[in-house]
Structure formats: structure tokens, C-alpha cells
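Student: Just one file: query17.txt, with compact mmCIF, C-alpha atoms.
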# COMPACT_ATOMS: atom_id res chain seq x y z
CA MET A 1 9.92 -9.63 -51.90
CA PHE A 2 11.04 -12.57 -49.78
CA VAL A 3 14.03 -10.65 -48.55
CA LYS A 4 11.83 -7.75 -47.56
CA ARG A 5 9.50 -10.05 -45.69
CA ARG A 6 12.41 -11.62 -43.85
CA GLY A 7 13.63 -8.15 -42.92
CA LEU A 8 10.22 -7.30 -41.58
CA LEU A 9 10.13 -10.47 -39.51
CA LYS A 10 13.56 -9.68 -38.13
CA ALA A 11 12.44 -6.17 -37.20
CA ALA A 12 9.35 -7.56 -35.51
CA GLY A 13 11.48 -10.01 -33.59
CA ALA A 14 13.82 -7.27 -32.44
CA LEU A 15 10.87 -5.15 -31.34
CA GLY A 16 9.51 -8.10 -29.37
CA ALA A 17 12.83 -8.55 -27.63
CA LEU A 18 12.93 -4.85 -26.81
CA LEU A 19 9.43 -4.99 -25.38
CA ALA A 20 10.31 -8.00 -23.28
CA ALA A 21 13.48 -6.38 -21.99
CA GLY A 22 12.16 -2.87 -21.55
CA LEU A 23 8.59 -3.32 -20.43
CA LEU A 24 8.44 -6.56 -18.51
CA ARG A 25 11.44 -5.90 -16.34
CA PRO A 26 10.05 -2.90 -14.42
CA ILE A 27 6.97 -4.93 -13.44
CA ALA A 28 9.13 -7.78 -12.18
CA ALA A 29 11.25 -5.29 -10.24
CA LEU A 30 8.16 -3.79 -8.64
CA ALA A 31 6.81 -7.19 -7.64
CA ALA A 32 10.11 -8.06 -6.05
CA THR A 33 9.71 -5.28 -3.48
CA TRP A 34 6.82 -7.05 -1.75
CA ASN A 35 8.05 -8.59 1.51
CA LYS A 36 6.38 -11.99 1.18
CA GLU A 37 7.82 -13.38 4.39
CA ALA A 38 6.60 -10.50 6.55
CA PHE A 39 3.13 -10.51 4.97
CA ALA A 40 2.79 -14.29 5.40
CA ALA A 41 3.68 -14.13 9.12
CA LYS A 42 0.84 -15.29 11.34
CA SER A 43 1.87 -13.36 14.44
CA ALA A 44 2.79 -9.72 14.86
CA ALA A 45 6.09 -10.77 16.49
CA ASP A 46 7.08 -12.85 13.44
CA ALA A 47 6.07 -10.08 11.06
CA LEU A 48 8.17 -7.59 13.01
CA LYS A 49 11.11 -9.96 12.91
CA SER A 50 10.80 -10.23 9.11
CA LEU A 51 10.69 -6.45 8.87
CA GLY A 52 13.86 -6.23 10.96
CA ALA A 53 11.99 -4.39 13.70
CA ALA A 54 11.86 -7.04 16.43
CA GLY A 55 13.31 -4.85 19.17
CA ALA A 56 11.20 -1.77 18.46
CA GLU A 57 11.21 0.75 21.28
CA ALA A 58 7.91 2.24 22.53
CA SER A 59 7.54 5.85 21.44
CA GLY A 60 5.11 8.65 22.19
CA ALA A 61 6.09 10.43 18.98
CA ILE A 62 3.99 8.16 16.78
CA ALA A 63 0.39 9.32 16.59
CA ILE A 64 -2.29 6.77 15.68
CA GLU A 65 -5.68 8.21 14.92
CA ALA A 66 -8.48 5.71 14.73
CA PRO A 67 -11.95 5.21 16.15
CA GLN A 68 -12.10 3.57 19.61
CA ILE A 69 -15.02 1.51 18.43
CA ALA A 70 -15.38 0.41 14.82
CA GLU A 71 -18.89 -0.68 14.02
CA ASN A 72 -17.88 -2.20 10.72
CA GLY A 73 -14.69 -4.23 10.74
CA ALA A 74 -14.58 -4.23 6.92
CA VAL A 75 -13.60 -0.55 6.80
CA VAL A 76 -11.66 0.84 9.75
CA PRO A 77 -9.94 4.16 9.02
CA ILE A 78 -6.49 4.52 10.58
CA GLU A 79 -4.23 7.54 10.36
CA ILE A 80 -0.58 7.34 11.38
CA LEU A 81 1.88 10.21 11.71
CA SER A 82 5.43 9.77 12.89
CA ASN A 83 6.96 12.85 14.53
CA ILE A 84 10.31 11.11 14.90
CA PRO A 85 12.83 13.08 12.80
CA GLY A 86 14.18 11.17 9.82
CA THR A 87 11.42 8.55 9.72
CA THR A 88 11.91 6.48 6.57
CA SER A 89 9.15 3.91 6.91
CA ILE A 90 5.92 3.10 8.73
CA ALA A 91 4.47 -0.40 9.07
CA VAL A 92 0.89 -1.08 10.19
CA LEU A 93 -0.03 -4.28 11.99
CA ILE A 94 -3.43 -5.48 13.15
CA GLU A 95 -2.28 -7.82 15.89
CA LYS A 96 -5.24 -10.21 15.87
CA ASN A 97 -5.79 -10.46 12.12
CA PRO A 98 -4.89 -13.86 10.56
CA PHE A 99 -1.96 -12.13 8.84
CA PRO A 100 -1.18 -9.13 11.06
CA LEU A 101 0.90 -7.03 8.68
CA ALA A 102 -1.48 -4.76 6.72
CA GLY A 103 1.04 -2.52 5.04
CA ARG A 104 4.45 -0.99 5.04
CA PHE A 105 5.21 2.40 3.54
CA ASP A 106 8.63 3.74 2.66
CA PHE A 107 9.01 7.50 2.58
CA MET A 108 11.63 9.14 0.43
CA GLU A 109 12.82 12.73 0.37
CA GLY A 110 9.80 14.92 -0.32
CA ALA A 111 7.16 12.95 1.60
CA LEU A 112 6.01 13.35 5.21
CA ALA A 113 5.96 10.23 7.39
CA PHE A 114 2.20 10.07 7.24
CA VAL A 115 -0.34 7.63 5.90
CA LYS A 116 -4.08 7.21 6.17
CA LEU A 117 -5.62 3.91 5.16
CA ASN A 118 -8.70 1.74 5.61
CA VAL A 119 -8.18 -1.75 6.96
CA LYS A 120 -10.24 -4.86 7.63
CA MET A 121 -10.32 -6.13 11.19
CA GLY A 122 -11.59 -9.58 12.13
CA GLU A 123 -12.07 -8.76 15.81
CA THR A 124 -11.18 -6.25 18.53
CA SER A 125 -7.42 -5.83 18.41
CA ASP A 126 -4.44 -3.66 19.09
CA VAL A 127 -3.27 -1.76 16.05
CA ARG A 128 0.49 -1.37 16.03
CA ALA A 129 2.46 1.23 14.11
CA VAL A 130 6.19 0.74 13.68
CA ALA A 131 8.33 3.61 12.46
CA THR A 132 11.93 3.28 11.35
CA ALA A 133 14.30 6.22 11.71
CA GLY A 134 18.09 6.22 11.49
CA GLY A 135 18.20 2.42 11.47
CA LYS A 136 16.21 2.12 14.70
CA SER A 137 12.60 1.04 15.16
CA TYR A 138 9.95 2.70 17.28
CA THR A 139 6.43 1.53 17.98
CA ALA A 140 3.07 2.62 19.34
CA THR A 141 -0.26 0.81 19.71
CA LYS A 142 -3.91 1.66 19.99
CA GLU A 143 -6.78 -0.68 20.71
CA ILE A 144 -9.77 -0.65 18.37
CA LYS A 145 -12.96 -2.42 19.42
CA VAL A 146 -14.79 -4.09 16.58
CA THR A 147 -18.49 -4.91 16.80
CA ILE A 148 -18.87 -6.68 13.43
CA GLY A 149 -15.78 -8.40 12.00
CA GLY A 150 -14.71 -7.73 8.45
CA CYS A 151 -12.74 -10.77 7.39
CA GLY A 152 -15.44 -13.36 6.64
CA GLY A 153 -18.26 -12.24 4.44
CA MET B 154 -15.57 -7.61 -9.60
CA ALA B 155 -12.65 -6.49 -11.69
CA ALA B 156 -10.42 -3.58 -10.94
CA GLY B 157 -11.91 -0.27 -12.08
CA PRO B 158 -10.93 3.37 -12.38
CA MET B 159 -9.05 5.44 -9.84
CA ARG B 160 -9.81 8.86 -8.47
CA MET B 161 -7.38 11.28 -6.91
CA ARG B 162 -7.33 14.74 -5.38
CA ALA B 163 -4.28 16.74 -4.36
CA THR B 164 -4.76 19.92 -2.36
CA LEU B 165 -2.37 22.35 -0.69
CA GLY B 166 -2.48 22.21 3.11
CA ALA B 167 -0.45 23.96 5.80
CA GLY B 168 3.12 23.29 4.68
CA TYR B 169 2.23 20.13 2.83
CA THR B 170 0.18 18.80 -0.03
CA ASP B 171 -2.57 16.36 0.86
CA VAL B 172 -2.95 13.55 -1.66
CA ARG B 173 -6.11 11.47 -1.41
CA VAL B 174 -6.51 8.56 -3.78
CA LEU B 175 -9.23 6.00 -4.31
CA MET B 176 -8.58 2.73 -6.11
CA SER B 177 -11.35 0.46 -7.34
CA HIS B 178 -10.30 -3.03 -6.38
CA PRO B 179 -12.05 -6.05 -4.80
CA MET B 180 -9.17 -6.77 -2.34
CA GLU B 181 -10.26 -10.40 -1.94
CA THR B 182 -8.80 -12.03 1.17
CA GLY B 183 -9.01 -15.59 -0.15
CA GLN B 184 -11.16 -16.45 2.88
CA ARG B 185 -14.52 -15.35 1.53
CA LYS B 186 -16.93 -17.75 -0.18
CA GLY B 187 -18.79 -16.83 -3.35
CA SER B 188 -22.44 -17.66 -4.06
CA ASP B 189 -21.31 -21.07 -5.39
CA GLY B 190 -19.87 -21.94 -1.97
CA LYS B 191 -16.30 -21.96 -3.28
CA LEU B 192 -13.57 -19.76 -1.88
CA ILE B 193 -12.91 -16.64 -3.94
CA PRO B 194 -9.16 -16.62 -4.70
CA LEU B 195 -6.80 -14.04 -3.22
CA HIS B 196 -6.82 -10.90 -5.31
CA PHE B 197 -5.33 -7.78 -3.81
CA ILE B 198 -3.10 -4.82 -4.50
CA GLN B 199 0.48 -5.40 -3.36
CA ASN B 200 2.35 -2.27 -4.38
CA VAL B 201 1.38 1.39 -4.33
CA THR B 202 3.73 4.07 -5.64
CA VAL B 203 3.38 7.84 -5.30
CA LYS B 204 5.40 10.11 -7.58
CA VAL B 205 5.74 13.89 -7.54
CA ASN B 206 6.91 15.44 -10.81
CA GLY B 207 8.26 12.04 -11.84
CA LYS B 208 10.16 11.37 -8.60
CA THR B 209 9.09 8.52 -6.31
CA VAL B 210 8.30 9.78 -2.80
CA VAL B 211 6.27 6.94 -1.25
CA GLU B 212 6.49 3.23 -1.89
CA GLY B 213 3.84 1.17 -0.16
CA GLN B 214 3.54 -2.60 0.19
CA ILE B 215 0.09 -3.67 1.31
CA SER B 216 -1.79 -6.85 2.16
CA GLN B 217 -5.27 -8.23 1.65
CA ALA B 218 -6.18 -6.64 5.01
CA ILE B 219 -6.68 -3.30 3.25
CA SER B 220 -10.40 -2.62 2.73
CA ARG B 221 -12.14 -3.12 -0.61
CA ASN B 222 -11.80 -0.10 -2.92
CA PRO B 223 -8.81 1.22 -0.97
CA VAL B 224 -8.54 4.88 -0.05
CA PHE B 225 -5.18 6.29 0.98
CA SER B 226 -3.97 9.70 2.06
CA PHE B 227 -0.35 10.74 1.78
CA ARG B 228 1.35 14.05 2.54
CA ILE B 229 3.96 15.65 0.33
CA LYS B 230 6.30 18.23 1.88
CA GLY B 231 5.60 21.71 0.58
CA GLY B 232 4.32 21.46 -2.94
CA ALA B 233 3.01 24.05 -5.34
CA LYS B 234 -0.02 24.50 -7.51
CA GLY B 235 0.43 22.54 -10.73
CA ASP B 236 2.84 19.93 -9.32
CA LYS B 237 2.16 16.64 -11.03
CA ILE B 238 1.18 13.77 -8.72
CA GLU B 239 1.05 10.24 -10.05
CA VAL B 240 -0.16 7.18 -8.15
CA SER B 241 0.06 3.64 -9.48
CA TRP B 242 -0.68 0.18 -8.13
CA LEU B 243 0.17 -3.41 -8.97
CA ASP B 244 -1.80 -6.41 -7.69
CA ASN B 245 -0.93 -10.06 -7.05
CA GLN B 246 -2.39 -11.10 -10.41
CA GLY B 247 -0.22 -8.64 -12.34
CA GLU B 248 -3.00 -6.13 -12.98
CA THR B 249 -1.92 -2.54 -12.74
CA ASN B 250 -3.41 0.93 -12.96
CA SER B 251 -2.33 4.51 -12.48
CA THR B 252 -3.74 8.01 -12.40
CA GLU B 253 -2.29 11.48 -12.28
CA THR B 254 -3.46 14.91 -11.27
CA ALA B 255 -2.08 18.39 -10.74
CA VAL B 256 -2.03 19.97 -7.28
CA ALA B 257 -5.00 22.34 -6.94
Could you write out this file's structure as C-alpha cells?
Tutor:
Amino acid sequence: MFVKRRGLLKAAGALGALLAAGLLRPIAALAATWNKEAFAAKSAADALKSLGAAGAEASGAIAIEAPQIAENGAVVPIEILSNIPGTTSIAVLIEKNPFPLAGRFDFMEGALAFVKLNVKMGETSDVRAVATAGGKSYTATKEIKVTIGGCGG
Amino acid sequence: MAAGPMRMRATLGAGYTDVRVLMSHPMETGQRKGSDGKLIPLHFIQNVTVKVNGKTVVEGQISQAISRNPVFSFRIKGGAKGDKIEVSWLDNQGETNSTETAVA
């Protein structure tokens, strides 16, 4: 009886260890892929530096679709498409937001270099898209006028 | 407001599959005050992953500047009816959610 119970405890312990090793690790790995330094940057230039895209070259092959005037800064739809062949990532920066970097998307085989997202904008600002292709960075901007900011509340 | 359910639609377009996903999430910026006058702590989605038939095709890192209840569109090259699309997210407080759908 006691032996059995001990065996059960041992099995439970082993299961716990397995859970810890097998289930917790993927979450930690996921969390590690968030570029804290770039997201904490308070200027677009610093964020770009952290992304390794400081010397991005202006490009007409990045299309930014967004309203010229956003009435509500809390929800501003932005659509970005990179026509640069071999684009592997797109970063979106709202230059005048307190933390300019809004997102960065990595595209693997099977996905088009396209993303549509809704962002908050505190005030009228340039929106900058930065695409990476073949180890080089390319950028385009578009100004969006905001009538009511969306960062306070 | 806690994180709630997700909704997703995947439809065949011209040469690509359009994936549109809605996540229920407060996306708190940490700068907003609640009714008690205290700042509401930062609470936002940090990672978004899109998988097609089990293979990761888009990995997104996002900030608190994404609007509340985020909506994203992604485009998958080609695609066929019945392809399985899975989208998951992870926020800064360790909450996570995912949803899957078949291409229609």
C-alpha cells in the first residue's frame, strides 16, 4: 500500500517535471522573440537602430494605405504591402507616438509581405513602414492627420 | 476587461488567401486612468503567430499602440479550400489564446 502510494507520488512528480519542461518552455521561447529594446525606444530613430534598420533607403515599392485624416486616433487602419522581392519583414512606426514602434512582422515562406492593422495615434504624425529584404532595409512614410488623439482616454 | 474570444475568416483571393482575424483584448497602454483615478497597468498582446497547415508563416511582435480588440489581415500565398489556418497570441501578462479555421 505504502509502496504503491510512493510509486504514484513518483509518477506524479515525473509528470510535473515533464509538464514544466515540455509546456513552459515554448511560452518562454515565444516571449523571448519580443524586441524589448526597440519597443521601448522613445524616438523612431532609436527604434530603427534597435531593429538594425538605421540606414534604411527610401523606396517607392512600399505601399502604405491609410486615411489622410483619421477622425478617431484610437483606431487608425493602416495597410502595408511591400513589392520589394524577397521581403522578410515589415516594421510599422508612428513617429510621434510616445513609443513609435507599433509592430514588426516577420514573413516566412508561404506568406506575402502584407499586413493590415489598426493603431492608436496620439497626434498627427508620419507613419513609417520599414521593409527588410536581402539584408537591406527600405522605408516609406505617409502622413496621417489626427483630429482626436487616441492615447489618453 | 479581460481577454475574450477570437474570430477569424480566411477567404481565397486572387492568387492569395486573405486571413482576417479579430482578437478581444483591452490593449491597455499604461497611460490611461481608471474611474478610481489610478493608472491602469500595461496589458497588451506582444506576439502574434500565423500558421498554415501547422507551418509558421508570419510572426508578429506588436506594442500597446495597436488598437483595442485588434484586427489584423495577413495574406498567404496561393492557398486552397480546406487549408487549416491557425492564429495565436501571447500578451505581456502571459495570457494566451488561439483560434483556427479552414480556408473557405
Student: I'd like the neighbourhood of Ile64 of chain A as a list in words, where a residue qualifies if any of its atoms comes within 9 Å (using only C-alpha atoms), though same-chain residues fewer than 6 positions away should be ignored.
Tutor: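 Close residues of Ile64 of chain A: Ile78, Glu79, Ile80, Leu81, Ser82, Val127, Arg128, Ala129, Ala140, Thr141 and Lys142 of chain A.
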Student: With all atoms listed in the file as the counted atoms, please give the residues lying no more than 8 Å from Ser59 of chain A, apart from itself and same-chain residues fewer than 3 positions off, as an NGL selection string.
Tutor: :A and (62 or 138-140)
Student: Return the neighbours of chain A among the residues of chain B, cut-off 7 Å, counting all atoms listed in the file, as an MDAnalysis selection string.
Tutor: chainID B and resid 184:185 199 210:216 218:220 223:230
Student: By how many Å are atom CA of Glu71 of chain A and atom CA of Asn222 of chain B apart?
Tutor: 18.4 Å
Student: Rounded to one decimal, what separation in Å do you get between atom CA of Pro67 of chain A and atom CA of Val172 of chain B?
Tutor: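 Straight-line distance from atom CA of Pro67 of chain A to atom CA of Val172 of chain B works out to 21.6 Å.
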Student: With 6 Å as the threshold, what does the neighbourhood of (9.5, 10.6, 16.8) contain in terms of residues, counting only C-alpha atoms? Coordinates are those of the file; answer as a PyMOL selection string.
Tutor: chain A and resi 61+82-85
Student: Figure out the distance between atom CA of Leu195 of chain B and atom CA of Glu181 of chain B, please, to one decimal in Å.
Tutor: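 Separation of atom CA of Glu181 of chain B and atom CA of Leu195 of chain B: 5.2 Å.
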Student: Please provide the set of residues having any atom within 9 Å of Ala56 of chain A, restricted to all atoms listed in the file, with same-chain residues fewer than 4 positions apart removed, written as a list in words.
Tutor: Leu48, Val130, Ala131, Thr132, Lys136, Ser137, Tyr138 and Thr139 of chain A
